[in-house]
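Shown next: work.tsv, containing TSV, C-alpha atoms and all ligand atoms.
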```tsv
chain	number	residue	atom	x	y	z
A	1	MET	CA	126.74	128.99	103.23
A	2	THR	CA	123.96	128.57	105.76
A	3	LEU	CA	120.93	126.33	105.44
A	4	GLN	CA	118.65	129.32	104.77
A	5	ASP	CA	120.99	130.43	101.94
A	6	SER	CA	120.78	127.03	100.22
A	7	PRO	CA	119.61	127.21	96.60
A	8	PHE	CA	116.71	124.84	97.35
A	9	LEU	CA	115.19	126.94	100.15
A	10	ARG	CA	115.86	130.16	98.24
A	11	ALA	CA	114.13	128.84	95.10
A	12	CYS	CA	111.11	127.74	97.18
A	13	LYS	CA	110.96	131.32	98.50
A	14	ARG	CA	111.35	132.72	94.96
A	15	LEU	CA	114.69	134.40	95.77
A	16	PRO	CA	117.59	134.58	93.29
A	17	VAL	CA	119.81	131.47	93.29
A	18	SER	CA	123.42	130.63	92.29
A	19	HIS	CA	122.07	127.63	90.30
A	20	THR	CA	118.72	125.90	89.87
A	21	PRO	CA	118.43	123.40	92.73
A	22	VAL	CA	117.78	119.74	91.87
A	23	TRP	CA	116.35	116.79	93.76
A	24	PHE	CA	114.39	113.75	92.59
A	25	MET	CA	111.21	112.26	93.97
A	26	ARG	CA	112.12	108.68	94.97
A	27	GLN	CA	115.84	109.50	94.71
A	28	ALA	CA	116.40	106.96	97.48
A	29	GLY	CA	115.38	103.41	96.75
A	30	ARG	CA	115.61	100.58	94.33
A	31	SER	CA	117.50	102.35	91.53
A	32	LEU	CA	120.54	102.42	93.84
A	33	PRO	CA	122.62	99.21	94.26
A	34	GLU	CA	123.75	100.40	97.70
A	35	TYR	CA	120.06	100.64	98.71
A	36	ARG	CA	119.25	97.14	97.46
A	37	LYS	CA	122.23	95.76	99.36
A	38	LEU	CA	121.27	97.48	102.63
A	39	ARG	CA	117.65	96.39	102.35
A	40	GLU	CA	118.46	92.68	101.80
A	41	GLY	CA	116.36	90.68	104.26
A	42	VAL	CA	114.75	93.78	105.83
A	43	ALA	CA	111.06	94.46	105.13
A	44	MET	CA	110.27	97.98	103.87
A	45	LEU	CA	108.24	98.99	106.93
A	46	ASP	CA	110.90	97.58	109.29
A	47	ALA	CA	113.51	99.69	107.49
A	48	CYS	CA	111.26	102.75	107.96
A	49	ALA	CA	111.25	102.15	111.75
A	50	ARG	CA	115.06	101.93	112.13
A	51	PRO	CA	116.84	105.29	112.50
A	52	ASP	CA	120.19	103.84	111.36
A	53	MET	CA	118.66	102.60	108.10
A	54	ILE	CA	116.60	105.76	107.56
A	55	VAL	CA	119.70	107.93	107.92
A	56	GLU	CA	121.87	105.80	105.65
A	57	ILE	CA	119.22	105.41	102.91
A	58	THR	CA	118.38	109.14	102.99
A	59	MET	CA	122.09	109.99	102.62
A	60	GLN	CA	122.84	107.55	99.77
A	61	PRO	CA	121.48	109.70	96.90
A	62	VAL	CA	122.92	112.87	98.47
A	63	ARG	CA	126.42	111.35	98.39
A	64	ARG	CA	126.09	109.80	94.96
A	65	TYR	CA	124.32	112.60	93.09
A	66	GLY	CA	125.12	115.82	94.96
A	67	VAL	CA	121.44	116.76	94.90
A	68	ASP	CA	120.49	120.06	96.54
A	69	ALA	CA	118.08	118.51	99.06
A	70	ALA	CA	117.55	115.20	100.81
A	71	ILE	CA	114.12	113.64	101.17
A	72	PHE	CA	113.40	111.76	104.36
A	73	PHE	CA	113.29	108.00	103.78
A	74	SER	CA	109.91	106.73	104.91
A	75	ASP	CA	106.56	106.03	103.25
A	76	ILE	CA	103.17	107.71	103.19
A	77	VAL	CA	101.64	104.74	105.07
A	78	VAL	CA	104.13	104.87	107.98
A	79	PRO	CA	101.88	107.09	110.17
A	80	LEU	CA	98.91	104.77	109.46
A	81	LYS	CA	100.92	101.75	110.56
A	82	ALA	CA	102.05	103.75	113.61
A	83	ILE	CA	98.46	104.27	114.79
A	84	GLY	CA	97.82	100.54	114.62
A	85	ILE	CA	96.40	99.88	111.16
A	86	ASP	CA	97.25	96.39	109.94
A	87	LEU	CA	99.06	97.05	106.67
A	88	ASP	CA	102.16	96.01	104.80
A	89	ILE	CA	104.17	97.22	101.80
A	90	LYS	CA	104.42	94.36	99.30
A	91	PRO	CA	107.46	94.51	97.00
A	92	GLY	CA	106.45	95.37	93.46
A	93	VAL	CA	102.86	96.07	94.58
A	94	GLY	CA	102.75	98.82	97.20
A	95	PRO	CA	100.77	99.32	100.40
A	96	VAL	CA	98.22	96.58	101.20
A	97	VAL	CA	95.68	97.02	104.00
A	98	ALA	CA	94.36	93.90	105.80
A	99	GLU	CA	90.88	95.29	106.54
A	100	PRO	CA	89.77	98.05	104.16
A	101	ILE	CA	87.96	100.97	105.81
A	102	ARG	CA	84.51	101.47	104.30
A	103	ASP	CA	82.09	102.52	107.05
A	104	LEU	CA	81.75	105.05	109.85
A	105	ALA	CA	82.64	102.56	112.59
A	106	ALA	CA	85.96	101.81	110.90
A	107	VAL	CA	86.62	105.52	110.27
A	108	ASN	CA	85.95	106.29	113.92
A	109	ARG	CA	88.61	103.77	114.94
A	110	LEU	CA	91.31	105.87	113.18
A	111	ARG	CA	93.01	107.62	116.06
A	112	ALA	CA	95.23	110.70	116.08
A	113	LEU	CA	99.01	110.38	115.59
A	114	GLU	CA	101.14	111.29	118.63
A	115	PRO	CA	104.87	112.09	118.36
A	116	ASP	CA	105.51	109.08	120.64
A	117	ASP	CA	104.06	106.81	117.94
A	118	VAL	CA	107.01	107.59	115.67
A	119	PRO	CA	110.10	108.05	117.91
A	120	TYR	CA	112.28	106.66	115.09
A	121	VAL	CA	111.20	109.57	112.86
A	122	THR	CA	112.24	112.14	115.44
A	123	ALA	CA	115.54	110.34	116.04
A	124	ALA	CA	116.36	109.94	112.34
A	125	VAL	CA	115.46	113.51	111.36
A	126	GLY	CA	117.60	114.82	114.21
A	127	ALA	CA	120.59	112.73	113.14
A	128	LEU	CA	120.09	113.67	109.50
A	129	THR	CA	119.97	117.41	110.00
A	130	GLY	CA	123.30	117.12	111.82
A	131	GLU	CA	124.82	115.13	108.98
A	132	LEU	CA	123.35	117.25	106.18
A	133	GLY	CA	124.65	120.58	107.51
A	134	ASP	CA	123.55	123.34	105.15
A	135	ARG	CA	121.70	120.94	102.83
A	136	PRO	CA	117.96	120.94	103.47
A	137	LEU	CA	115.97	117.88	104.51
A	138	ILE	CA	112.50	117.63	102.98
A	139	GLY	CA	109.90	115.98	105.18
A	140	PHE	CA	106.76	114.55	103.61
A	141	ALA	CA	103.34	113.05	104.13
A	142	GLY	CA	100.70	111.50	101.93
A	143	GLY	CA	97.74	113.72	101.10
A	144	PRO	CA	94.32	112.79	102.46
A	145	PHE	CA	92.84	111.56	99.16
A	146	THR	CA	95.79	109.28	98.44
A	147	LEU	CA	95.80	107.86	101.99
A	148	ALA	CA	92.02	107.38	101.81
A	149	SER	CA	92.35	105.50	98.55
A	150	TYR	CA	94.81	102.97	100.02
A	151	LEU	CA	92.63	102.50	103.11
A	152	ILE	CA	89.33	102.17	101.24
A	153	GLU	CA	90.52	100.10	98.28
A	154	GLY	CA	92.77	97.98	100.50
A	155	GLY	CA	95.72	98.48	98.15
A	156	PRO	CA	96.84	100.21	94.96
A	157	SER	CA	93.97	101.00	92.61
A	158	LYS	CA	93.67	102.08	89.02
A	159	ASN	CA	90.08	103.34	89.11
A	160	HIS	CA	89.57	104.21	92.82
A	161	GLU	CA	85.98	102.95	92.51
A	162	HIS	CA	85.35	102.12	96.18
A	163	THR	CA	86.89	105.45	97.16
A	164	LYS	CA	84.64	107.38	94.80
A	165	ALA	CA	81.61	105.30	95.84
A	166	LEU	CA	82.15	106.40	99.45
A	167	MET	CA	82.94	109.99	98.47
A	168	TYR	CA	79.76	110.31	96.37
A	169	GLY	CA	77.45	108.03	98.37
A	170	GLU	CA	78.31	108.82	101.98
A	171	PRO	CA	79.57	112.38	102.19
A	172	ASP	CA	79.40	112.44	106.00
A	173	VAL	CA	81.59	109.36	106.35
A	174	TRP	CA	83.93	110.80	103.70
A	175	ALA	CA	84.18	114.11	105.60
A	176	GLU	CA	85.01	112.32	108.85
A	177	LEU	CA	87.64	110.19	107.11
A	178	MET	CA	89.23	113.19	105.39
A	179	GLN	CA	89.34	115.16	108.65
A	180	ARG	CA	91.08	112.35	110.47
A	181	LEU	CA	93.56	111.65	107.65
A	182	SER	CA	94.35	115.35	107.28
A	183	ALA	CA	95.12	115.60	110.98
A	184	ILE	CA	97.36	112.51	110.76
A	185	ALA	CA	99.22	113.93	107.72
A	186	LEU	CA	99.64	117.30	109.46
A	187	ASP	CA	100.89	115.72	112.68
A	188	PHE	CA	103.34	113.51	110.76
A	189	LEU	CA	104.72	116.66	109.08
A	190	ARG	CA	104.83	118.51	112.42
A	191	VAL	CA	106.96	115.75	113.95
A	192	GLN	CA	109.43	116.04	111.07
A	193	ILE	CA	109.53	119.85	111.22
A	194	ALA	CA	109.95	119.85	115.00
A	195	ALA	CA	112.92	117.49	114.62
A	196	GLY	CA	114.58	119.72	111.99
A	197	ALA	CA	113.10	119.17	108.51
A	198	SER	CA	113.40	122.49	106.65
A	199	ALA	CA	110.69	122.01	103.99
A	200	VAL	CA	107.77	119.65	103.49
A	201	GLN	CA	106.04	118.04	100.54
A	202	LEU	CA	102.46	116.81	100.63
A	203	PHE	CA	102.17	113.98	98.08
A	204	ASP	CA	98.51	113.68	97.12
A	205	SER	CA	99.71	111.43	94.31
A	206	TRP	CA	96.42	110.02	93.06
A	207	VAL	CA	94.14	113.11	93.08
A	208	GLY	CA	94.56	113.28	89.30
A	209	ALA	CA	91.82	110.62	89.24
A	210	LEU	CA	89.29	113.32	90.21
A	211	SER	CA	87.48	115.95	88.16
A	212	ALA	CA	88.13	119.55	89.19
A	213	GLU	CA	84.59	119.80	90.54
A	214	ASP	CA	84.98	116.72	92.75
A	215	TYR	CA	88.42	117.82	93.89
A	216	ARG	CA	87.07	121.23	94.87
A	217	ALA	CA	84.14	119.81	96.82
A	218	SER	CA	85.71	116.75	98.44
A	219	VAL	CA	89.47	117.29	98.82
A	220	LEU	CA	90.39	120.99	98.58
A	221	PRO	CA	88.87	121.97	101.98
A	222	TYR	CA	91.10	119.44	103.73
A	223	THR	CA	94.37	120.17	101.92
A	224	SER	CA	93.70	123.91	102.40
A	225	TRP	CA	93.39	123.27	106.14
A	226	ILE	CA	96.69	121.35	106.22
A	227	PHE	CA	98.58	124.14	104.41
A	228	GLU	CA	96.97	126.81	106.58
A	229	GLN	CA	98.06	125.02	109.75
A	230	LEU	CA	101.57	124.51	108.36
A	231	GLY	CA	101.76	128.22	107.56
A	232	GLU	CA	102.44	128.92	111.25
A	233	LEU	CA	105.64	126.85	111.10
A	234	ASP	CA	107.50	128.94	108.54
A	235	VAL	CA	108.90	126.17	106.30
A	236	PRO	CA	108.32	126.02	102.51
A	237	ARG	CA	105.37	123.80	101.62
A	238	ILE	CA	105.30	121.82	98.36
A	239	HIS	CA	102.17	120.18	96.95
A	240	PHE	CA	102.28	117.46	94.29
A	241	GLY	CA	100.00	115.02	92.52
A	242	VAL	CA	100.23	112.99	89.30
A	243	GLY	CA	98.03	113.74	86.27
A	244	THR	CA	96.92	117.03	87.80
A	245	GLY	CA	97.04	119.27	84.72
A	246	GLU	CA	93.34	120.08	85.10
A	247	LEU	CA	93.73	120.54	88.87
A	248	LEU	CA	96.85	122.73	89.06
A	249	SER	CA	94.94	125.89	89.88
A	250	LEU	CA	93.13	124.09	92.70
A	251	LEU	CA	96.31	122.48	94.06
A	252	SER	CA	97.70	126.01	94.17
A	253	GLU	CA	94.53	127.42	95.75
A	254	ALA	CA	95.10	124.99	98.63
A	255	GLY	CA	97.93	127.34	99.64
A	256	PRO	CA	101.37	125.74	99.13
A	257	ASP	CA	104.47	127.83	98.37
A	258	VAL	CA	105.51	125.47	95.57
A	259	VAL	CA	103.40	123.36	93.21
A	260	GLY	CA	104.95	120.18	91.80
A	261	VAL	CA	104.04	119.59	88.16
A	262	ASP	CA	104.13	116.24	86.37
A	263	TRP	CA	105.57	115.93	82.85
A	264	ARG	CA	102.26	116.41	81.01
A	265	VAL	CA	102.08	120.20	81.40
A	266	PRO	CA	105.00	122.43	80.32
A	267	LEU	CA	106.06	124.73	83.15
A	268	ASP	CA	105.31	127.91	81.17
A	269	LYS	CA	101.69	126.69	80.90
A	270	ALA	CA	101.63	125.60	84.55
A	271	VAL	CA	102.63	129.14	85.57
A	272	GLN	CA	99.39	130.42	84.10
A	273	ARG	CA	97.37	127.92	86.15
A	274	VAL	CA	98.83	128.57	89.61
A	275	GLN	CA	98.33	131.55	91.91
A	276	PRO	CA	100.75	134.47	91.41
A	277	GLY	CA	103.73	134.12	93.75
A	278	THR	CA	103.86	130.32	93.57
A	279	ALA	CA	107.14	128.57	92.70
A	280	LEU	CA	107.13	125.46	90.50
A	281	GLN	CA	108.86	122.12	90.84
A	282	GLY	CA	109.46	119.66	88.02
A	283	ASN	CA	109.11	118.25	85.49
A	284	LEU	CA	111.22	115.95	83.30
A	285	ASP	CA	109.39	112.73	82.39
A	286	PRO	CA	111.17	109.99	84.42
A	287	ALA	CA	110.94	107.66	81.40
A	288	THR	CA	113.14	110.09	79.41
A	289	LEU	CA	116.10	108.83	81.44
A	290	PHE	CA	115.96	105.56	79.46
A	291	ALA	CA	116.56	107.38	76.15
A	292	PRO	CA	120.03	108.31	74.78
A	293	TRP	CA	121.78	111.12	76.68
A	294	SER	CA	121.31	113.57	73.79
A	295	VAL	CA	117.54	113.24	74.30
A	296	VAL	CA	117.83	113.66	78.06
A	297	ALA	CA	119.88	116.84	77.53
A	298	GLU	CA	117.47	118.22	74.94
A	299	ARG	CA	114.40	117.55	77.13
A	300	THR	CA	116.16	119.01	80.15
A	301	ASP	CA	116.95	122.15	78.15
A	302	ALA	CA	113.24	122.38	77.30
A	303	VAL	CA	112.27	122.13	80.99
A	304	LEU	CA	114.83	124.78	81.97
A	305	SER	CA	113.76	127.10	79.20
A	306	SER	CA	110.08	126.70	80.05
A	307	ALA	CA	110.91	127.30	83.73
A	308	LYS	CA	112.14	130.82	82.91
A	309	ALA	CA	108.48	131.83	83.01
A	310	ALA	CA	108.21	130.60	86.61
A	311	ASP	CA	108.69	132.70	89.71
A	312	GLY	CA	111.08	130.26	91.42
A	313	HIS	CA	112.01	126.83	90.02
A	314	VAL	CA	113.15	123.60	91.65
A	315	PHE	CA	114.25	121.04	89.07
A	316	ASN	CA	112.79	117.55	89.57
A	317	LEU	CA	111.27	114.74	87.57
A	318	GLY	CA	107.55	114.78	86.81
A	319	HIS	CA	107.13	111.77	89.13
A	320	GLY	CA	109.39	109.39	91.02
A	321	VAL	CA	112.62	107.80	89.75
A	322	LEU	CA	111.68	104.48	88.10
A	323	PRO	CA	113.31	101.48	89.84
A	324	THR	CA	115.38	100.38	86.81
A	325	THR	CA	116.81	103.86	86.08
A	326	ASP	CA	120.60	103.92	85.60
A	327	PRO	CA	122.01	105.99	88.51
A	328	ALA	CA	124.81	107.23	86.22
A	329	VAL	CA	122.22	109.13	84.17
A	330	LEU	CA	120.81	110.83	87.27
A	331	GLU	CA	124.31	111.77	88.34
A	332	ARG	CA	125.01	113.31	84.95
A	333	LEU	CA	121.65	115.10	85.01
A	334	VAL	CA	122.38	116.84	88.33
A	335	ASP	CA	125.70	118.13	86.98
A	336	TYR	CA	124.07	119.16	83.73
A	337	VAL	CA	121.35	121.25	85.41
A	338	HIS	CA	123.89	122.83	87.76
A	339	GLU	CA	126.22	123.78	84.89
A	340	LYS	CA	123.46	125.00	82.60
A	341	THR	CA	121.93	127.26	85.24
A	342	ALA	CA	125.09	128.56	87.00
A	343	ARG	CA	124.77	132.32	87.44
B	1	LIG	O1	113.35	108.93	97.90
B	1	LIG	C1	112.19	109.27	98.25
B	1	LIG	O2	111.42	109.89	97.49
B	1	LIG	C2	111.78	109.06	99.70
B	1	LIG	C3	111.07	107.93	100.02
B	1	LIG	C4	109.62	107.66	99.64
B	1	LIG	C5	109.13	106.34	99.59
B	1	LIG	N1	107.78	106.40	99.41
B	1	LIG	C6	109.94	105.13	99.75
B	1	LIG	C7	109.46	103.86	99.15
B	1	LIG	C8	108.54	108.52	99.42
B	1	LIG	C9	108.53	110.04	99.35
B	1	LIG	C10	107.39	107.71	99.28
B	1	LIG	C11	106.04	108.23	99.11
B	1	LIG	C12	104.98	107.37	98.56
B	1	LIG	N2	104.70	106.08	98.89
B	1	LIG	C13	104.00	107.83	97.67
B	1	LIG	C14	103.93	109.23	97.12
B	1	LIG	C15	104.95	109.44	96.10
B	1	LIG	C16	104.59	108.93	94.76
B	1	LIG	O3	105.32	108.08	94.24
B	1	LIG	O4	103.58	109.41	94.20
B	1	LIG	C17	103.14	106.75	97.40
B	1	LIG	C18	101.96	106.78	96.47
B	1	LIG	C19	103.58	105.65	98.19
B	1	LIG	C20	102.98	104.30	98.28
B	1	LIG	C21	103.98	103.30	97.86
B	1	LIG	N3	104.96	102.80	98.68
B	1	LIG	C22	104.20	102.75	96.56
B	1	LIG	C23	103.34	103.03	95.35
B	1	LIG	C24	105.33	101.91	96.64
B	1	LIG	C25	106.03	101.17	95.52
B	1	LIG	C26	105.63	99.74	95.44
B	1	LIG	C27	106.61	98.96	94.59
B	1	LIG	O5	107.30	98.10	95.15
B	1	LIG	O6	106.67	99.22	93.37
B	1	LIG	C28	105.78	101.95	97.96
B	1	LIG	C29	106.97	101.27	98.49
B	1	LIG	C30	108.17	102.13	98.61
B	1	LIG	N4	108.18	103.37	99.18
B	1	LIG	C31	109.48	101.81	98.18
B	1	LIG	C32	110.31	102.87	98.54
B	1	LIG	C33	111.81	103.00	98.37
B	1	LIG	C34	109.91	100.50	97.53
B	1	LIG	C35	110.07	99.48	98.60
B	1	LIG	C36	111.15	98.48	98.30
B	1	LIG	O7	112.31	98.89	98.20
B	1	LIG	O8	110.81	97.31	98.23
```
Take the structure in the file and give it back as structure tokens.
Amino acid sequence: MTLQDSPFLRACKRLPVSHTPVWFMRQAGRSLPEYRKLREGVAMLDACARPDMIVEITMQPVRRYGVDAAIFFSDIVVPLKAIGIDLDIKPGVGPVVAEPIRDLAAVNRLRALEPDDVPYVTAAVGALTGELGDRPLIGFAGGPFTLASYLIEGGPSKNHEHTKALMYGEPDVWAELMQRLSAIALDFLRVQIAAGASAVQLFDSWVGALSAEDYRASVLPYTSWIFEQLGELDVPRIHFGVGTGELLSLLSEAGPDVVGVDWRVPLDKAVQRVQPGTALQGNLDPATLFAPWSVVAERTDAVLSSAKAADGHVFNLGHGVLPTTDPAVLERLVDYVHEKTAR
């Protein structure tokens, strides 16, 4: 098999596959004992700047689960840190920004990302593509709304009130911020693609906080620009956000090849909301994995059956693997999907 014949890349391109490909958002990380051991005494953002750790952590779930794609180990805030923003990832909390960005002067200090800012990304992607062989590596970046929310709120937020206040109250500052963050996200993806990543996912995780009208006016123009620019690079583009049932048609309008769906919308309904010729990714509720196996199997069957309506399907969870998930269940799930869909 060659990389281009891999079930994951074929499914993204809506070509027939030997089995439905599987990977999991957050497949690397705290659910794996080998990850927790390796990370002992190393801060998250330090780990993200060390090619040896990036390679090992990216490979851990590939070895353990036999997933059909690897996802690059990093974080959506890595490019922000790389351009000099004072931020940290606090265990159990998430990204925390020392000085929240709330005015034009602060926005204007956000500079562009250069490949030389993230040499460890280039080095790690290069090493990984060698090690992965015909298994694709997915590169990723945070979407502009999600990055803006961390920068404006100063950390994780339930209501995104400062973000919305800026979006509604100072549209010019918002536009400048979104342009700069979109360019940073695009350049972070370009670095990964140039080094060998064979697909990319834009995680605009928190856009589900917006109404369709606000998303269309204040986010869609920027994500559309990112996907348009990526179109020249000829790698499948995946777009995902949480709680986006009401936004799926707009996420699709932004122009990705694949739309990631959370667990709230069955895939046969999601098909009706995306543009024709769009593949779907998803969408087993990650909390299902805590129920007895018979339930996991039944819910997985429902996802696979619903996915028959889709033009191309990549099996995934509806959001990331929860940190206390039993890895044995994920291992069994990969085998189950492969066996059930073998053609
Ligand atoms: O396996 C993978 O999916 C690849 C690695 C990955 C991480 N972060 C590693 C990580 C990816 C794709 C991300 C993206 C990311 N980071 C997103 C978008 C995806 C999503 O979940 O919607 C977001 C919103 C972030 C911001 C962020 N970083 C959060 C919310 C957290 C969790 C905070 C916590 O401790 O609960 C982080 C930290 C983080 N990113 C960890 C990992 C493995 C945990 C750090 C640790 O081990 O201490």
Report as a PDB file with C-alpha atoms, in the coordinates of the input which protein, DNA and RNA residues come within 9 Å of ligand LIG 1 (chain B), using all atoms listed in the file.
```pdb
ATOM      1  CA  PHE A  24     114.390 113.750  92.590  1.00  0.00           C
ATOM      2  CA  MET A  25     111.210 112.260  93.970  1.00  0.00           C
ATOM      3  CA  ARG A  26     112.120 108.680  94.970  1.00  0.00           C
ATOM      4  CA  GLN A  27     115.840 109.500  94.710  1.00  0.00           C
ATOM      5  CA  ALA A  28     116.400 106.960  97.480  1.00  0.00           C
ATOM      6  CA  GLY A  29     115.380 103.410  96.750  1.00  0.00           C
ATOM      7  CA  ARG A  30     115.610 100.580  94.330  1.00  0.00           C
ATOM      8  CA  SER A  31     117.500 102.350  91.530  1.00  0.00           C
ATOM      9  CA  TYR A  35     120.060 100.640  98.710  1.00  0.00           C
ATOM     10  CA  ARG A  36     119.250  97.140  97.460  1.00  0.00           C
ATOM     11  CA  ARG A  39     117.650  96.390 102.350  1.00  0.00           C
ATOM     12  CA  ALA A  43     111.060  94.460 105.130  1.00  0.00           C
ATOM     13  CA  MET A  44     110.270  97.980 103.870  1.00  0.00           C
ATOM     14  CA  LEU A  45     108.240  98.990 106.930  1.00  0.00           C
ATOM     15  CA  CYS A  48     111.260 102.750 107.960  1.00  0.00           C
ATOM     16  CA  ILE A  57     119.220 105.410 102.910  1.00  0.00           C
ATOM     17  CA  THR A  58     118.380 109.140 102.990  1.00  0.00           C
ATOM     18  CA  PRO A  61     121.480 109.700  96.900  1.00  0.00           C
ATOM     19  CA  ALA A  70     117.550 115.200 100.810  1.00  0.00           C
ATOM     20  CA  ILE A  71     114.120 113.640 101.170  1.00  0.00           C
ATOM     21  CA  PHE A  72     113.400 111.760 104.360  1.00  0.00           C
ATOM     22  CA  PHE A  73     113.290 108.000 103.780  1.00  0.00           C
ATOM     23  CA  SER A  74     109.910 106.730 104.910  1.00  0.00           C
ATOM     24  CA  ASP A  75     106.560 106.030 103.250  1.00  0.00           C
ATOM     25  CA  ILE A  76     103.170 107.710 103.190  1.00  0.00           C
ATOM     26  CA  VAL A  77     101.640 104.740 105.070  1.00  0.00           C
ATOM     27  CA  ILE A  89     104.170  97.220 101.800  1.00  0.00           C
ATOM     28  CA  LYS A  90     104.420  94.360  99.300  1.00  0.00           C
ATOM     29  CA  PRO A  91     107.460  94.510  97.000  1.00  0.00           C
ATOM     30  CA  GLY A  92     106.450  95.370  93.460  1.00  0.00           C
ATOM     31  CA  VAL A  93     102.860  96.070  94.580  1.00  0.00           C
ATOM     32  CA  GLY A  94     102.750  98.820  97.200  1.00  0.00           C
ATOM     33  CA  PRO A  95     100.770  99.320 100.400  1.00  0.00           C
ATOM     34  CA  GLY A 139     109.900 115.980 105.180  1.00  0.00           C
ATOM     35  CA  PHE A 140     106.760 114.550 103.610  1.00  0.00           C
ATOM     36  CA  ALA A 141     103.340 113.050 104.130  1.00  0.00           C
ATOM     37  CA  GLY A 142     100.700 111.500 101.930  1.00  0.00           C
ATOM     38  CA  GLY A 143      97.740 113.720 101.100  1.00  0.00           C
ATOM     39  CA  THR A 146      95.790 109.280  98.440  1.00  0.00           C
ATOM     40  CA  LEU A 147      95.800 107.860 101.990  1.00  0.00           C
ATOM     41  CA  TYR A 150      94.810 102.970 100.020  1.00  0.00           C
ATOM     42  CA  PRO A 156      96.840 100.210  94.960  1.00  0.00           C
ATOM     43  CA  GLN A 201     106.040 118.040 100.540  1.00  0.00           C
ATOM     44  CA  LEU A 202     102.460 116.810 100.630  1.00  0.00           C
ATOM     45  CA  PHE A 203     102.170 113.980  98.080  1.00  0.00           C
ATOM     46  CA  ASP A 204      98.510 113.680  97.120  1.00  0.00           C
ATOM     47  CA  SER A 205      99.710 111.430  94.310  1.00  0.00           C
ATOM     48  CA  TRP A 206      96.420 110.020  93.060  1.00  0.00           C
ATOM     49  CA  PHE A 240     102.280 117.460  94.290  1.00  0.00           C
ATOM     50  CA  GLY A 241     100.000 115.020  92.520  1.00  0.00           C
ATOM     51  CA  VAL A 242     100.230 112.990  89.300  1.00  0.00           C
ATOM     52  CA  HIS A 319     107.130 111.770  89.130  1.00  0.00           C
ATOM     53  CA  GLY A 320     109.390 109.390  91.020  1.00  0.00           C
ATOM     54  CA  VAL A 321     112.620 107.800  89.750  1.00  0.00           C
ATOM     55  CA  LEU A 322     111.680 104.480  88.100  1.00  0.00           C
ATOM     56  CA  PRO A 323     113.310 101.480  89.840  1.00  0.00           C
TER      57      PRO A 323
END
```
Name the closest residue to Ala194 in chain A among the candidates A:Ala307, A:Leu132, A:Ala123, A:Val17; distances are taken between atoms, counting all atoms listed in the file.
->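 Nearest candidate to Ala194 in chain A out of A:Ala307, A:Leu132, A:Ala123, A:Val17: A:Ala123.
If you look at CA of Thr324 in chain A and CA of Val42 in chain A, they are 20.1 Å away from each other.
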I want to know what sits within 12 Å of Tyr222 in chain A, based on all atoms listed in the file, with residues of the same chain fewer than 6 positions away left out; could you give that as a PDB file with C-alpha atoms, in the coordinates of the input?
```
ATOM      1  CA  GLY A 143      97.740 113.720 101.100  1.00  0.00           C
ATOM      2  CA  PRO A 144      94.320 112.790 102.460  1.00  0.00           C
ATOM      3  CA  PHE A 145      92.840 111.560  99.160  1.00  0.00           C
ATOM      4  CA  TRP A 174      83.930 110.800 103.700  1.00  0.00           C
ATOM      5  CA  ALA A 175      84.180 114.110 105.600  1.00  0.00           C
ATOM      6  CA  GLU A 176      85.010 112.320 108.850  1.00  0.00           C
ATOM      7  CA  LEU A 177      87.640 110.190 107.110  1.00  0.00           C
ATOM      8  CA  MET A 178      89.230 113.190 105.390  1.00  0.00           C
ATOM      9  CA  GLN A 179      89.340 115.160 108.650  1.00  0.00           C
ATOM     10  CA  ARG A 180      91.080 112.350 110.470  1.00  0.00           C
ATOM     11  CA  LEU A 181      93.560 111.650 107.650  1.00  0.00           C
ATOM     12  CA  SER A 182      94.350 115.350 107.280  1.00  0.00           C
ATOM     13  CA  ALA A 183      95.120 115.600 110.980  1.00  0.00           C
ATOM     14  CA  ILE A 184      97.360 112.510 110.760  1.00  0.00           C
ATOM     15  CA  ALA A 185      99.220 113.930 107.720  1.00  0.00           C
ATOM     16  CA  LEU A 186      99.640 117.300 109.460  1.00  0.00           C
ATOM     17  CA  ASP A 204      98.510 113.680  97.120  1.00  0.00           C
ATOM     18  CA  TYR A 215      88.420 117.820  93.890  1.00  0.00           C
ATOM     19  CA  ARG A 216      87.070 121.230  94.870  1.00  0.00           C
ATOM     20  CA  GLU A 228      96.970 126.810 106.580  1.00  0.00           C
ATOM     21  CA  GLN A 229      98.060 125.020 109.750  1.00  0.00           C
ATOM     22  CA  LEU A 251      96.310 122.480  94.060  1.00  0.00           C
ATOM     23  CA  GLU A 253      94.530 127.420  95.750  1.00  0.00           C
ATOM     24  CA  ALA A 254      95.100 124.990  98.630  1.00  0.00           C
ATOM     25  CA  GLY A 255      97.930 127.340  99.640  1.00  0.00           C
TER      26      GLY A 255
END
```
With distances taken over all atoms listed in the file, the candidate from A:Val55, A:Val296, A:Val107, A:Val207 nearest Asp172 in chain A is A:Val107
Restricting to only C-alpha atoms, whichever of A:Pro115, A:Phe227, A:Arg10, A:Pro100 is closest to Gly155 in chain A is A:Pro100
Contacts of Cys12 in chain A at 7 Å (all atoms listed in the file; same-chain gap of 6+ positions) as a ChimeraX atom specification = /A:236,257-258,279,312
Go ahead and save the residues from that selection, with C-alpha atoms, as a compact mmCIF listing (two decimals), in the coordinates of the input.
```
# COMPACT_ATOMS: atom_id res chain seq x y z
CA PRO A 236 108.32 126.02 102.51
CA ASP A 257 104.47 127.83 98.37
CA VAL A 258 105.51 125.47 95.57
CA ALA A 279 107.14 128.57 92.70
CA GLY A 312 111.08 130.26 91.42
```
Of the listed residues A:Met53, A:Leu230, A:Ala212, A:Val173, that which approaches Ala105 in chain A most closely, counting all atoms listed in the file |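 The shortest atom-to-atom distance to Ala105 in chain A comes from A:Val173.
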